[in-house]
$ cat entry-v1.csv   # CSV, C-alpha atoms
chain,number,residue,atom,x,y,z
M,893,MET,CA,-110.0,-127.6,43.6
M,894,LYS,CA,-111.1,-129.1,40.3
M,895,PRO,CA,-109.2,-132.2,39.0
M,896,ILE,CA,-108.4,-130.4,35.7
M,897,PHE,CA,-106.7,-127.5,37.5
M,898,VAL,CA,-104.8,-129.9,39.7
M,899,VAL,CA,-103.4,-131.7,36.7
M,900,THR,CA,-102.5,-128.4,34.9
M,901,LEU,CA,-100.8,-127.1,38.1
M,902,ALA,CA,-98.8,-130.4,38.5
M,903,LEU,CA,-97.5,-130.2,34.9
M,904,VAL,CA,-96.5,-126.5,35.4
M,905,LEU,CA,-94.6,-127.3,38.6
M,906,LEU,CA,-93.0,-130.4,37.0
M,907,ASN,CA,-91.6,-128.3,34.2
M,908,GLY,CA,-90.3,-125.6,36.6
M,909,ILE,CA,-92.2,-122.7,35.0
M,910,SER,CA,-94.9,-120.3,36.2
M,911,PRO,CA,-98.5,-120.5,34.9
M,912,ALA,CA,-97.9,-117.1,33.2
M,913,GLN,CA,-95.3,-118.6,31.0
M,914,VAL,CA,-97.3,-121.5,29.7
M,915,ALA,CA,-98.9,-119.5,26.8
M,916,PRO,CA,-97.1,-116.2,26.3
M,917,PRO,CA,-98.8,-113.7,24.1
M,918,GLN,CA,-97.6,-113.4,20.5
M,919,SER,CA,-96.3,-110.0,19.6
M,920,SER,CA,-97.1,-108.8,16.0
M,921,THR,CA,-97.3,-105.6,14.1
M,922,GLY,CA,-100.5,-106.8,12.4
M,923,ILE,CA,-98.9,-106.0,9.0
M,924,ALA,CA,-98.9,-109.2,6.9
M,925,PRO,CA,-96.0,-110.0,4.5
M,926,GLY,CA,-97.0,-108.9,1.0
M,927,THR,CA,-98.6,-105.7,2.2
M,928,LEU,CA,-97.8,-102.8,-0.2
M,929,ILE,CA,-97.0,-99.3,0.9
M,930,SER,CA,-96.9,-96.2,-1.3
M,931,ALA,CA,-94.2,-93.8,-0.3
M,932,GLU,CA,-91.9,-91.0,-1.5
M,933,LEU,CA,-88.3,-90.3,-0.5
M,934,SER,CA,-88.0,-87.5,2.0
M,935,LYS,CA,-84.3,-86.9,1.3
M,936,ALA,CA,-82.2,-87.4,-1.9
M,937,VAL,CA,-79.9,-90.4,-2.1
M,938,ASP,CA,-76.7,-89.7,-4.1
M,939,ALA,CA,-74.2,-92.5,-4.7
M,940,LYS,CA,-71.4,-90.0,-4.7
M,941,LYS,CA,-72.1,-88.9,-1.2
M,942,ALA,CA,-73.9,-91.9,0.4
M,943,LYS,CA,-72.1,-94.1,2.9
M,944,ALA,CA,-73.0,-97.4,4.4
M,945,GLY,CA,-75.2,-96.8,7.5
M,946,ASP,CA,-76.6,-93.4,6.3
M,947,ARG,CA,-80.2,-93.0,7.2
M,948,VAL,CA,-82.9,-93.2,4.4
M,949,GLU,CA,-86.4,-92.0,5.0
M,950,ALA,CA,-89.6,-92.2,3.0
M,951,LYS,CA,-92.9,-90.6,3.7
M,952,ILE,CA,-96.0,-92.8,3.3
M,953,VAL,CA,-98.4,-91.0,1.0
M,954,ALA,CA,-101.5,-93.2,1.2
M,955,ASP,CA,-103.4,-95.0,4.1
M,956,VAL,CA,-102.9,-98.7,4.3
M,957,PHE,CA,-106.0,-100.8,5.2
M,958,SER,CA,-106.6,-104.5,5.9
M,959,ASP,CA,-110.1,-105.9,6.2
M,960,GLY,CA,-111.5,-102.4,6.6
M,961,GLN,CA,-109.1,-101.5,9.4
M,962,LEU,CA,-106.5,-98.8,9.1
M,963,LEU,CA,-103.1,-100.3,9.6
M,964,VAL,CA,-100.7,-97.5,8.5
M,965,PRO,CA,-101.9,-93.9,8.3
M,966,LYS,CA,-100.8,-91.5,5.6
M,967,GLY,CA,-97.9,-89.4,6.9
M,968,SER,CA,-96.1,-92.3,8.7
M,969,LYS,CA,-92.5,-93.0,7.8
M,970,MET,CA,-90.5,-95.9,6.5
M,971,VAL,CA,-87.0,-95.7,7.8
M,972,GLY,CA,-83.9,-97.5,6.6
M,973,ARG,CA,-80.2,-97.2,5.8
M,974,VAL,CA,-77.8,-97.4,3.0
M,975,ALA,CA,-76.3,-100.9,2.9
M,976,ASP,CA,-73.6,-100.0,0.4
M,977,SER,CA,-72.8,-97.4,-2.3
M,978,LYS,CA,-70.7,-97.3,-5.4
M,979,PRO,CA,-70.2,-93.9,-7.1
M,980,HIS,CA,-69.7,-93.3,-10.8
M,981,ASN,CA,-66.2,-92.0,-11.5
M,982,LYS,CA,-63.6,-92.0,-14.3
M,983,GLY,CA,-62.3,-95.4,-13.2
M,984,ALA,CA,-65.7,-97.0,-12.9
M,985,LYS,CA,-68.6,-95.9,-15.0
M,986,ASP,CA,-71.2,-98.1,-13.2
M,987,SER,CA,-72.8,-96.9,-10.0
M,988,SER,CA,-75.1,-98.5,-7.4
M,989,VAL,CA,-76.8,-97.9,-4.0
M,990,GLY,CA,-78.2,-100.6,-1.8
M,991,ILE,CA,-81.1,-99.6,0.6
M,992,VAL,CA,-82.6,-101.6,3.4
M,993,PHE,CA,-85.9,-100.5,4.9
M,994,ASP,CA,-86.3,-102.0,8.4
M,995,THR,CA,-88.5,-99.6,10.5
M,996,LEU,CA,-92.0,-98.3,10.3
M,997,SER,CA,-92.5,-95.1,12.4
M,998,MET,CA,-96.1,-94.2,13.1
M,999,LYS,CA,-98.2,-92.7,15.9
M,1000,GLY,CA,-95.2,-92.2,18.1
M,1001,ARG,CA,-94.0,-95.8,17.9
M,1002,GLU,CA,-91.6,-97.7,15.8
M,1003,LEU,CA,-92.1,-101.2,14.4
M,1004,THR,CA,-89.4,-103.5,13.2
M,1005,LEU,CA,-90.0,-105.1,9.8
M,1006,VAL,CA,-88.3,-105.9,6.5
M,1007,ALA,CA,-89.5,-104.1,3.4
M,1008,VAL,CA,-88.1,-104.1,-0.2
M,1009,ILE,CA,-88.7,-101.8,-3.1
M,1010,GLN,CA,-91.1,-103.4,-5.5
M,1011,ALA,CA,-91.2,-100.4,-7.9
M,1012,ILE,CA,-89.5,-97.0,-8.2
M,1013,GLY,CA,-90.5,-94.0,-10.3
M,1014,PRO,CA,-89.7,-90.3,-10.7
M,1015,ALA,CA,-90.9,-87.6,-8.3
M,1016,GLN,CA,-94.3,-86.0,-9.2
M,1017,PRO,CA,-94.3,-82.3,-9.9
M,1018,PRO,CA,-95.6,-80.0,-7.2
M,1019,PRO,CA,-99.4,-80.4,-6.8
M,1020,ASN,CA,-100.4,-76.9,-7.8
M,1021,TYR,CA,-98.0,-76.6,-10.7
M,1022,GLY,CA,-99.7,-76.2,-14.0
M,1023,VAL,CA,-100.0,-74.0,-17.0
M,1024,ARG,CA,-99.0,-70.4,-16.1
M,1025,SER,CA,-99.3,-67.6,-18.5
M,1026,GLY,CA,-96.0,-66.0,-19.4
M,1027,PHE,CA,-95.1,-62.5,-18.2
M,1028,PRO,CA,-93.7,-59.7,-20.3
M,1029,ILE,CA,-90.1,-58.6,-20.1
M,1030,ALA,CA,-89.8,-54.9,-19.4
M,1031,GLY,CA,-89.6,-52.8,-22.5
M,1032,LYS,CA,-90.1,-55.8,-24.8
M,1033,THR,CA,-93.0,-57.5,-26.6
M,1034,GLY,CA,-93.2,-60.9,-28.1
M,1035,PRO,CA,-94.6,-64.4,-27.7
M,1036,THR,CA,-95.2,-65.9,-24.3
M,1037,PRO,CA,-91.9,-66.9,-22.7
M,1038,SER,CA,-91.3,-70.6,-22.9
M,1039,GLY,CA,-90.1,-72.7,-20.0
M,1040,GLY,CA,-91.4,-73.9,-16.7
M,1041,TRP,CA,-93.7,-70.9,-16.1
M,1042,GLY,CA,-95.3,-70.9,-19.5
M,1043,GLU,CA,-95.6,-74.7,-20.2
M,1044,PRO,CA,-97.3,-77.6,-18.5
M,1045,PRO,CA,-95.1,-80.0,-16.7
M,1046,ALA,CA,-94.0,-83.1,-18.5
M,1047,THR,CA,-96.3,-86.2,-17.8
M,1048,VAL,CA,-94.9,-88.2,-15.0
M,1049,PRO,CA,-96.1,-91.8,-14.5
M,1050,GLU,CA,-97.8,-92.4,-11.1
M,1051,LEU,CA,-97.0,-95.7,-9.4
M,1052,ASP,CA,-99.7,-97.9,-8.1
M,1053,PRO,CA,-99.8,-101.4,-6.4
M,1054,SER,CA,-99.5,-103.2,-9.7
M,1055,SER,CA,-96.3,-101.3,-10.6
M,1056,LYS,CA,-93.0,-103.3,-10.6
M,1057,GLY,CA,-89.4,-102.5,-11.3
M,1058,VAL,CA,-88.2,-99.2,-12.7
M,1059,VAL,CA,-90.9,-96.9,-14.2
M,1060,GLY,CA,-89.9,-93.7,-16.0
M,1061,LEU,CA,-86.3,-93.6,-14.8
M,1062,ASN,CA,-84.2,-94.3,-17.9
M,1063,GLY,CA,-80.9,-96.1,-17.3
M,1064,LEU,CA,-81.8,-97.2,-13.8
M,1065,ALA,CA,-82.1,-100.9,-12.8
M,1066,LEU,CA,-83.6,-102.5,-9.6
M,1067,THR,CA,-82.4,-105.8,-8.2
M,1068,ARG,CA,-82.3,-107.5,-4.8
M,1069,SER,CA,-79.3,-108.5,-2.7
M,1070,GLY,CA,-80.5,-110.2,0.5
M,1071,PRO,CA,-82.7,-107.6,2.4
M,1072,ALA,CA,-81.3,-104.8,0.3
M,1073,SER,CA,-83.0,-103.2,-2.7
M,1074,VAL,CA,-80.2,-102.3,-5.1
M,1075,LEU,CA,-80.5,-99.4,-7.6
M,1076,SER,CA,-77.8,-99.4,-10.3
M,1077,SER,CA,-76.8,-97.7,-13.5
M,1078,SER,CA,-74.2,-98.9,-16.0
M,1079,ASP,CA,-73.1,-95.5,-17.1
M,1080,GLU,CA,-74.4,-92.8,-14.8
M,1081,ASN,CA,-74.2,-91.9,-11.1
M,1082,VAL,CA,-77.3,-93.1,-9.2
M,1083,PHE,CA,-79.1,-90.1,-7.8
M,1084,LEU,CA,-82.6,-90.4,-6.3
M,1085,LYS,CA,-84.4,-87.1,-5.9
M,1086,VAL,CA,-86.5,-85.9,-3.1
M,1087,GLY,CA,-90.0,-87.2,-3.8
M,1088,THR,CA,-88.9,-90.2,-5.8
M,1089,GLN,CA,-91.9,-92.6,-5.8
M,1090,LEU,CA,-91.7,-96.0,-4.1
M,1091,ILE,CA,-93.9,-99.0,-3.8
M,1092,LEU,CA,-92.6,-100.9,-0.8
M,1093,ARG,CA,-93.5,-104.5,-0.1
M,1094,ILE,CA,-93.4,-105.9,3.4
M,1095,GLU,CA,-91.3,-109.1,3.3
M,1096,GLU,CA,-91.3,-109.8,7.1
M,1097,SER,CA,-93.0,-108.4,10.1
M,1098,LEU,CA,-91.2,-108.9,13.4
$ encode --input "entry-v1.csv" --output "structure tokens"
Amino acid sequence: MKPIFVVTLALVLLNGISPAQVAPPQSSTGIAPGTLISAELSKAVDAKKAKAGDRVEAKIVADVFSDGQLLVPKGSKMVGRVADSKPHNKGAKDSSVGIVFDTLSMKGRELTLVAVIQAIGPAQPPPNYGVRSGFPIAGKTGPTPSGGWGEPPATVPELDPSSKGVVGLNGLALTRSGPASVLSSSDENVFLKVGTQLILRIEESL
């Protein structure tokens, strides 16, 4: 038996622990704080209906890489919950919803982390929606009908990693309260549509 091993074994026995506990492996998601994730809400969030504890889910819409390695594949999910909700009503014109994202679900496994909303923007129009020629109304002639089928969709800003705060959603404000991202309005009910764009920033990876 080599002297070095004897000394090591003596120290282990003296401290009353097994050799396997001397240097336990460190568990990590591999996702560093500051990592940005592009996502879209999978289900609407309405301050009038939301209750603390309600599930909130966002679909990740772009692969996340680090040093050339794929960390989070497109199609994974960020899962969280409503922390608190205040609806707009006659007695209180202001409204707010606090959301905490704390779980990343991908490839059949779930990772615990803390993520906040860095930026929020309106839902993008359907990918194949564009200019469509109008159709005639039976028995009538005239100009091309106006509206969704005859006009291009309104320009909607697309969020990117440099985006911060509220983009393209008038009257909405974004603040922080502990781990919760708080969306608020001073005179309207907070309602986030399906597809609402999010840039999420990892604050802590557990």
$ residues_around --input "entry-v1.csv" --residues "Ile1091 of chain M" --least-positions-apart "3" --cutoff "8 Å" --atoms "only C-alpha atoms" --output "ChimeraX atom specification"
/M:928-931,1009-1012,1051-1053,1055
$ atom_distance --input "entry-v1.csv" --atom1 "atom CA of Ile952 of chain M" --atom2 "atom CA of Thr1088 of chain M"
11.8 Å
$ atom_distance --input "entry-v1.csv" --atom1 "atom CA of Ser1076 of chain M" --atom2 "atom CA of Thr927 of chain M"
25.1 Å
$ residues_near_point --input "entry-v1.csv" --point "(-81.1, -107.9, -9.0)" --cutoff "12 Å" --atoms "only C-alpha atoms" --output "VMD selection string"
chain M and resid 988 to 990 1008 to 1010 1057 to 1058 1064 to 1077
$ closest_residue --input "entry-v1.csv" --among "M:Pro925, M:Gly945, M:Gly1013, M:Gly1000" --to "Gly972 of chain M" --atoms "all atoms listed in the file"
M:Gly945
$ residues_around --input "entry-v1.csv" --residues "segment 959-962 of chain M" --least-positions-apart "5" --cutoff "12 Å" --atoms "all atoms listed in the file" --output "list in words"
Gly922, Ile923, Ala924 and Ala954 of chain M
